[in-house]
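The next block holds one structure in the form of structure tokens; read it before the comments.
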Amino acid sequence: MGLIAFLKTQFIVHLLIGFVFVVSGFIINFIQLCTLILWPINKQFYRRVNCRLSYSLWSQLVMLLEWWSGTECTLFSDHDTVAKFGKEHVIIILNHNFEIDFLCGWTMTERFGVLGSSKVLAKKELLYVPLIGWTWYFLEIVFCKRKWEEDRDTVIEGLKRLSDYPEYMWQSEHRNNEAIILLTTVSAVYDVTLNFRGNKNPSLLGILYGKKYEADMCVRSYLSKDALQEKYNQEGIFPGKQFKPPRRPWTLLNFLFWATILLSPLFKFGFGIFASGSPLLILAFLGFVGAASFGVRRLIGVTEIEKGSSYGNQEFKKKK
């Protein structure tokens, strides 16, 4: 095992990565709070600023997938569809079958230049989660109660409010059927079916440990997923032409920027604590490290999702 591979398995390294993400996230959230004064003055400028700020946070997670684990994502689609990526408002229908499917989706949004402006339909409870929910709030994310009969008008009105968004956005959705109704609010609705080669079931912890995966994403205009999934299970490959958009350096450079700013004073402070020889200060510092460890694991827990959500499907079946 090489040195880099060894470091990827060390908890202290994971803790430092989590520290950079959490602290930089609170800094970004504070800056976002300050940008609220821009809303009544210039709403579109407020939106552009917050797209940049959210990119600075989300790209740290994308960096883990692209650069830390080296996971590769291959697109299966056609030239006409790919040519429009990043150039229009769209809804992406992606069922949550894997723990890191959101990271694969964010990777593609980053490579097509829309990571900062990307949206999701999120549970209302997530609004109160630090970093994640707070960042989504400033991005004007639509929060749902997960009851389609109650959410339908909220979702449609929310997307209409975003119709004049100054930067192209991808709205991630996981309903299998009702999302097609929302086509009137965007330029296109794309169905995305995600699988991992070798029948792997990747996790965020696996990414943190540097495990490399190979993801296949089939992107088409809205269609039924069942036949496509069955074909992949039988043949191990999606139909259509393969595309491998190259990873960009910005996610890595962004993480290195935050790591340089935040870890330098942390190391200096930690060395000073141990050099003092004070048992009380050393215990207090170790307690801080333990609390930070707990916080990182709680954030990882927030990303764990239920597989194959059926939200929105029952009403559609009744209508049929």
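Here, A, B, ... name the chains of the structure tokens in the order displayed, residue numbers run from 1 inside each chain, and ligands are numbered from 1 in the same displayed order.
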Residues of region 112-215 of chain A that approach region 235-245 of chain A to 10 Å or less, counting only C-alpha atoms: could you list each one with the shortest pair of atoms and its distance in Å to one decimal, rows by chain and increasing residue number, as a tab-separated table?
residue	atom	partner	partner_atom	distance
A:Phe112	CA	A:Pro245	CA	8.2
A:Thr193	CA	A:Phe238	CA	9.1
A:Leu194	CA	A:Phe238	CA	9.7
A:Asn195	CA	A:Ile237	CA	9.1
A:Phe196	CA	A:Gly236	CA	9.3
A:Arg197	CA	A:Gly236	CA	7.3
A:Gly198	CA	A:Gly236	CA	8.3
A:Asn199	CA	A:Gly236	CA	9.0
Could you write out that same residue set with all heavy atoms as a compact mmCIF listing (two decimals), in the first residue's frame?
# COMPACT_ATOMS: atom_id res chain seq x y z
N PHE A 112 -20.61 20.28 -16.22
CA PHE A 112 -21.35 21.08 -17.20
C PHE A 112 -21.65 22.49 -16.68
O PHE A 112 -22.45 23.21 -17.26
CB PHE A 112 -22.64 20.36 -17.61
CG PHE A 112 -22.41 19.14 -18.45
CD1 PHE A 112 -22.47 17.88 -17.90
CD2 PHE A 112 -22.09 19.27 -19.80
CE1 PHE A 112 -22.24 16.75 -18.68
CE2 PHE A 112 -21.86 18.14 -20.59
CZ PHE A 112 -21.93 16.88 -20.03
N THR A 193 -30.90 7.08 -15.08
CA THR A 193 -30.79 5.79 -14.42
C THR A 193 -29.32 5.55 -14.10
O THR A 193 -28.47 5.61 -14.99
CB THR A 193 -31.33 4.66 -15.31
OG1 THR A 193 -32.70 4.94 -15.65
CG2 THR A 193 -31.27 3.32 -14.58
N LEU A 194 -29.05 5.29 -12.83
CA LEU A 194 -27.67 5.15 -12.36
C LEU A 194 -27.40 3.74 -11.89
O LEU A 194 -28.21 3.13 -11.18
CB LEU A 194 -27.42 6.14 -11.21
CG LEU A 194 -26.08 6.03 -10.47
CD1 LEU A 194 -24.93 6.43 -11.37
CD2 LEU A 194 -26.10 6.88 -9.20
N ASN A 195 -26.26 3.19 -12.29
CA ASN A 195 -25.79 1.89 -11.81
C ASN A 195 -24.29 1.93 -11.64
O ASN A 195 -23.62 2.82 -12.19
CB ASN A 195 -26.17 0.77 -12.78
CG ASN A 195 -27.62 0.32 -12.61
OD1 ASN A 195 -28.00 -0.23 -11.59
ND2 ASN A 195 -28.43 0.58 -13.62
N PHE A 196 -23.77 0.97 -10.90
CA PHE A 196 -22.33 0.87 -10.69
C PHE A 196 -21.85 -0.48 -11.20
O PHE A 196 -22.46 -1.52 -10.94
CB PHE A 196 -21.97 1.04 -9.21
CG PHE A 196 -22.16 2.44 -8.71
CD1 PHE A 196 -23.39 2.85 -8.23
CD2 PHE A 196 -21.11 3.35 -8.76
CE1 PHE A 196 -23.58 4.15 -7.79
CE2 PHE A 196 -21.29 4.65 -8.32
CZ PHE A 196 -22.53 5.06 -7.83
N ARG A 197 -20.77 -0.45 -11.93
CA ARG A 197 -20.24 -1.67 -12.53
C ARG A 197 -19.80 -2.65 -11.45
O ARG A 197 -19.33 -2.26 -10.39
CB ARG A 197 -19.08 -1.33 -13.47
CG ARG A 197 -19.51 -0.46 -14.64
CD ARG A 197 -18.38 -0.16 -15.59
NE ARG A 197 -18.80 0.82 -16.59
CZ ARG A 197 -18.02 1.28 -17.57
NH1 ARG A 197 -16.77 0.84 -17.66
NH2 ARG A 197 -18.48 2.17 -18.43
N GLY A 198 -19.95 -3.93 -11.79
CA GLY A 198 -19.59 -4.97 -10.84
C GLY A 198 -20.60 -5.14 -9.73
O GLY A 198 -20.28 -5.73 -8.69
N ASN A 199 -21.81 -4.60 -9.93
CA ASN A 199 -22.86 -4.69 -8.91
C ASN A 199 -22.42 -4.12 -7.56
O ASN A 199 -22.81 -4.61 -6.50
CB ASN A 199 -23.33 -6.14 -8.72
CG ASN A 199 -24.04 -6.68 -9.95
OD1 ASN A 199 -24.82 -5.97 -10.58
ND2 ASN A 199 -23.76 -7.92 -10.31
Discussion item. Write out as JSON, numbers by chain the set of residues from region 112-301 of chain A that DSSP, computed on the backbone, places in strand (DSSP E or B).
Written reply: {"A": [119, 120, 121, 122, 123, 142, 143, 144, 170, 171, 172, 173, 188, 189, 190, 191, 192, 193, 194, 195, 196, 214, 215, 216, 217, 218, 219, 220, 221, 241, 242, 243]}
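CA of Asn201 (chain A) is positioned 24.7 Å from CA of Gln171 (chain A).
Interatomic distance, CA of Val114 (chain A) to CA of Asp216 (chain A): 19.9 Å.
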Practice prompt. Show which residues sit within 6 Å of Cys144 (chain A), as JSON, numbers by chain. Count only C-alpha atoms, and ignore same-chain residues fewer than 3 positions away.
Written response: {"A": [122, 123, 124, 151]}
Take the residues just selected and output them with all heavy atoms as a tab-separated table (two decimals), in the first residue's frame.
chain	number	residue	atom	x	y	z
A	122	ALA	N	-36.42	18.98	-1.49
A	122	ALA	CA	-35.95	18.43	-0.22
A	122	ALA	C	-37.07	18.34	0.81
A	122	ALA	O	-38.04	19.11	0.77
A	122	ALA	CB	-34.82	19.29	0.33
A	123	LYS	N	-36.93	17.39	1.73
A	123	LYS	CA	-37.87	17.29	2.84
A	123	LYS	C	-37.79	18.56	3.69
A	123	LYS	O	-36.70	19.09	3.92
A	123	LYS	CB	-37.55	16.06	3.70
A	123	LYS	CG	-37.78	14.74	3.02
A	123	LYS	CD	-37.63	13.58	3.99
A	123	LYS	CE	-36.22	13.49	4.52
A	123	LYS	NZ	-36.05	12.29	5.38
A	124	LYS	N	-38.92	18.99	4.18
A	124	LYS	CA	-38.98	20.23	4.94
A	124	LYS	C	-38.09	20.17	6.17
A	124	LYS	O	-37.52	21.20	6.59
A	124	LYS	CB	-40.42	20.52	5.34
A	124	LYS	CG	-40.63	21.90	5.94
A	124	LYS	CD	-42.10	22.19	6.19
A	124	LYS	CE	-42.31	23.59	6.76
A	124	LYS	NZ	-43.74	23.87	7.01
A	151	ASP	N	-48.08	18.93	-1.74
A	151	ASP	CA	-46.86	19.54	-2.28
A	151	ASP	C	-47.00	20.03	-3.71
A	151	ASP	O	-46.23	20.87	-4.15
A	151	ASP	CB	-45.70	18.53	-2.24
A	151	ASP	CG	-45.24	18.25	-0.82
A	151	ASP	OD1	-45.47	19.12	0.04
A	151	ASP	OD2	-44.68	17.17	-0.59
Would you give me, as a PDB file with C-alpha atoms, in the first residue's frame, the residues in region 63-268 of chain A that DSSP reads as helix (DSSP H, G or I)?
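Wrote states-v8.pdb, looks like this:
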ATOM      1  CA  MET A  63     -13.697  16.725  -4.952  1.00  0.00           C
ATOM      2  CA  LEU A  64     -13.896  13.632  -2.742  1.00  0.00           C
ATOM      3  CA  LEU A  65     -15.567  11.666  -5.512  1.00  0.00           C
ATOM      4  CA  GLU A  66     -13.465  12.916  -8.428  1.00  0.00           C
ATOM      5  CA  TRP A  67      -9.999  13.432  -6.947  1.00  0.00           C
ATOM      6  CA  TRP A  68      -9.900  11.610  -3.602  1.00  0.00           C
ATOM      7  CA  HIS A  79     -25.142  14.058 -28.976  1.00  0.00           C
ATOM      8  CA  ASP A  80     -28.230  16.275 -29.183  1.00  0.00           C
ATOM      9  CA  THR A  81     -29.087  15.730 -25.521  1.00  0.00           C
ATOM     10  CA  VAL A  82     -25.536  16.223 -24.246  1.00  0.00           C
ATOM     11  CA  ALA A  83     -25.129  19.372 -26.363  1.00  0.00           C
ATOM     12  CA  ASP A 101     -26.097   8.908  -6.233  1.00  0.00           C
ATOM     13  CA  PHE A 102     -26.394  12.590  -5.326  1.00  0.00           C
ATOM     14  CA  LEU A 103     -22.590  12.895  -5.586  1.00  0.00           C
ATOM     15  CA  CYS A 104     -22.602  11.366  -9.066  1.00  0.00           C
ATOM     16  CA  GLY A 105     -25.312  13.820 -10.062  1.00  0.00           C
ATOM     17  CA  TRP A 106     -23.354  16.741  -8.594  1.00  0.00           C
ATOM     18  CA  THR A 107     -20.259  15.582 -10.455  1.00  0.00           C
ATOM     19  CA  MET A 108     -22.094  15.907 -13.760  1.00  0.00           C
ATOM     20  CA  THR A 109     -23.533  19.291 -12.827  1.00  0.00           C
ATOM     21  CA  GLU A 110     -20.003  20.460 -12.003  1.00  0.00           C
ATOM     22  CA  ARG A 111     -18.601  19.268 -15.314  1.00  0.00           C
ATOM     23  CA  LYS A 124     -38.978  20.232   4.939  1.00  0.00           C
ATOM     24  CA  GLU A 125     -37.112  18.847   7.964  1.00  0.00           C
ATOM     25  CA  LEU A 126     -33.782  19.334   6.164  1.00  0.00           C
ATOM     26  CA  LEU A 127     -34.306  23.099   6.236  1.00  0.00           C
ATOM     27  CA  TYR A 128     -33.135  23.066   9.867  1.00  0.00           C
ATOM     28  CA  ILE A 132     -26.942  21.535   4.063  1.00  0.00           C
ATOM     29  CA  GLY A 133     -30.412  22.901   4.795  1.00  0.00           C
ATOM     30  CA  TRP A 134     -29.200  26.444   5.381  1.00  0.00           C
ATOM     31  CA  THR A 135     -27.323  26.559   2.080  1.00  0.00           C
ATOM     32  CA  TRP A 136     -30.389  25.229   0.271  1.00  0.00           C
ATOM     33  CA  TYR A 137     -32.520  27.930   1.878  1.00  0.00           C
ATOM     34  CA  PHE A 138     -30.348  30.695   0.427  1.00  0.00           C
ATOM     35  CA  TRP A 148     -47.869  15.009  -3.186  1.00  0.00           C
ATOM     36  CA  GLU A 149     -51.459  16.146  -2.820  1.00  0.00           C
ATOM     37  CA  GLU A 150     -50.190  18.939  -0.554  1.00  0.00           C
ATOM     38  CA  ASP A 151     -46.860  19.542  -2.284  1.00  0.00           C
ATOM     39  CA  ARG A 152     -48.037  19.775  -5.876  1.00  0.00           C
ATOM     40  CA  ASP A 153     -48.995  23.455  -5.839  1.00  0.00           C
ATOM     41  CA  THR A 154     -45.979  24.338  -3.673  1.00  0.00           C
ATOM     42  CA  VAL A 155     -43.580  22.646  -6.098  1.00  0.00           C
ATOM     43  CA  ILE A 156     -45.116  24.159  -9.218  1.00  0.00           C
ATOM     44  CA  GLU A 157     -45.206  27.654  -7.721  1.00  0.00           C
ATOM     45  CA  GLY A 158     -41.657  27.276  -6.442  1.00  0.00           C
ATOM     46  CA  LEU A 159     -40.373  26.317  -9.884  1.00  0.00           C
ATOM     47  CA  LYS A 160     -42.274  29.178 -11.475  1.00  0.00           C
ATOM     48  CA  ARG A 161     -40.546  31.603  -9.093  1.00  0.00           C
ATOM     49  CA  GLU A 178     -45.633  13.160 -11.327  1.00  0.00           C
ATOM     50  CA  ALA A 179     -42.563  15.149 -12.402  1.00  0.00           C
ATOM     51  CA  ILE A 180     -43.666  15.040 -16.036  1.00  0.00           C
ATOM     52  CA  ILE A 181     -46.458  17.453 -15.051  1.00  0.00           C
ATOM     53  CA  LEU A 182     -43.749  20.012 -14.212  1.00  0.00           C
ATOM     54  CA  LEU A 183     -42.498  20.124 -17.805  1.00  0.00           C
ATOM     55  CA  THR A 184     -44.358  23.407 -18.287  1.00  0.00           C
ATOM     56  CA  THR A 185     -42.011  25.112 -15.797  1.00  0.00           C
ATOM     57  CA  ARG A 197     -20.242  -1.669 -12.533  1.00  0.00           C
ATOM     58  CA  GLY A 198     -19.587  -4.970 -10.837  1.00  0.00           C
ATOM     59  CA  ASN A 199     -22.864  -4.688  -8.906  1.00  0.00           C
ATOM     60  CA  LEU A 204     -19.972   7.843   1.353  1.00  0.00           C
ATOM     61  CA  LEU A 205     -17.636   6.207   3.853  1.00  0.00           C
ATOM     62  CA  GLY A 206     -16.198   4.155   1.012  1.00  0.00           C
ATOM     63  CA  ILE A 207     -15.499   7.360  -0.893  1.00  0.00           C
ATOM     64  CA  LEU A 208     -13.879   8.816   2.227  1.00  0.00           C
ATOM     65  CA  LYS A 225     -37.018   3.153 -15.899  1.00  0.00           C
ATOM     66  CA  ASP A 226     -38.024  -0.491 -15.525  1.00  0.00           C
ATOM     67  CA  ALA A 227     -37.103  -1.692 -19.017  1.00  0.00           C
ATOM     68  CA  LEU A 228     -33.834   0.249 -18.941  1.00  0.00           C
ATOM     69  CA  GLN A 229     -32.842  -1.199 -15.561  1.00  0.00           C
ATOM     70  CA  GLU A 230     -33.668  -4.722 -16.725  1.00  0.00           C
ATOM     71  CA  LYS A 231     -31.499  -4.264 -19.817  1.00  0.00           C
ATOM     72  CA  TYR A 232     -28.568  -3.099 -17.675  1.00  0.00           C
ATOM     73  CA  ASN A 233     -28.992  -6.052 -15.334  1.00  0.00           C
ATOM     74  CA  GLN A 234     -28.853  -8.450 -18.282  1.00  0.00           C
ATOM     75  CA  GLU A 235     -26.106  -6.851 -20.370  1.00  0.00           C
ATOM     76  CA  TRP A 250     -11.780  23.831  -9.694  1.00  0.00           C
ATOM     77  CA  THR A 251     -13.142  21.440  -7.056  1.00  0.00           C
ATOM     78  CA  LEU A 252      -9.631  20.433  -6.013  1.00  0.00           C
ATOM     79  CA  LEU A 253      -8.356  24.023  -6.005  1.00  0.00           C
ATOM     80  CA  ASN A 254     -11.357  25.162  -3.968  1.00  0.00           C
ATOM     81  CA  PHE A 255     -10.706  22.477  -1.313  1.00  0.00           C
ATOM     82  CA  LEU A 256      -6.995  23.309  -1.170  1.00  0.00           C
ATOM     83  CA  PHE A 257      -7.903  26.968  -0.662  1.00  0.00           C
ATOM     84  CA  TRP A 258     -10.120  26.201   2.343  1.00  0.00           C
ATOM     85  CA  ALA A 259      -7.679  23.617   3.728  1.00  0.00           C
ATOM     86  CA  THR A 260      -4.820  26.110   3.630  1.00  0.00           C
ATOM     87  CA  ILE A 261      -6.842  28.796   5.380  1.00  0.00           C
ATOM     88  CA  LEU A 262      -8.366  26.570   8.069  1.00  0.00           C
ATOM     89  CA  LEU A 263      -5.820  23.848   8.822  1.00  0.00           C
ATOM     90  CA  SER A 264      -2.802  26.121   9.289  1.00  0.00           C
ATOM     91  CA  PRO A 265      -4.185  27.860  12.406  1.00  0.00           C
ATOM     92  CA  LEU A 266      -5.615  24.524  13.655  1.00  0.00           C
ATOM     93  CA  PHE A 267      -2.204  22.833  13.527  1.00  0.00           C
ATOM     94  CA  LYS A 268      -0.558  25.828  15.167  1.00  0.00           C
TER      95      LYS A 268
END
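Proximity ranking of A:Ser77, A:Ser221, A:Ser56, A:Ser203 relative to Phe98 (chain A) places A:Ser203 first, based on only C-alpha atoms.
Using only C-alpha atoms, the smallest distance between any of A:Tyr168, A:Phe274, A:Phe19, A:Phe30 and Lys84 (chain A) comes from A:Tyr168.
The nearest approach to Val129 (chain A) among the residues A:Pro202, A:Pro249, A:Gly272, A:Gly25, with only C-alpha atoms taken into account, belongs to A:Gly25.
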Item to complete: May I ask for the distance between CA of Leu280 (chain A) and CA of Phe11 (chain A), given in Å to one decimal place?
Response: 24.0 Å
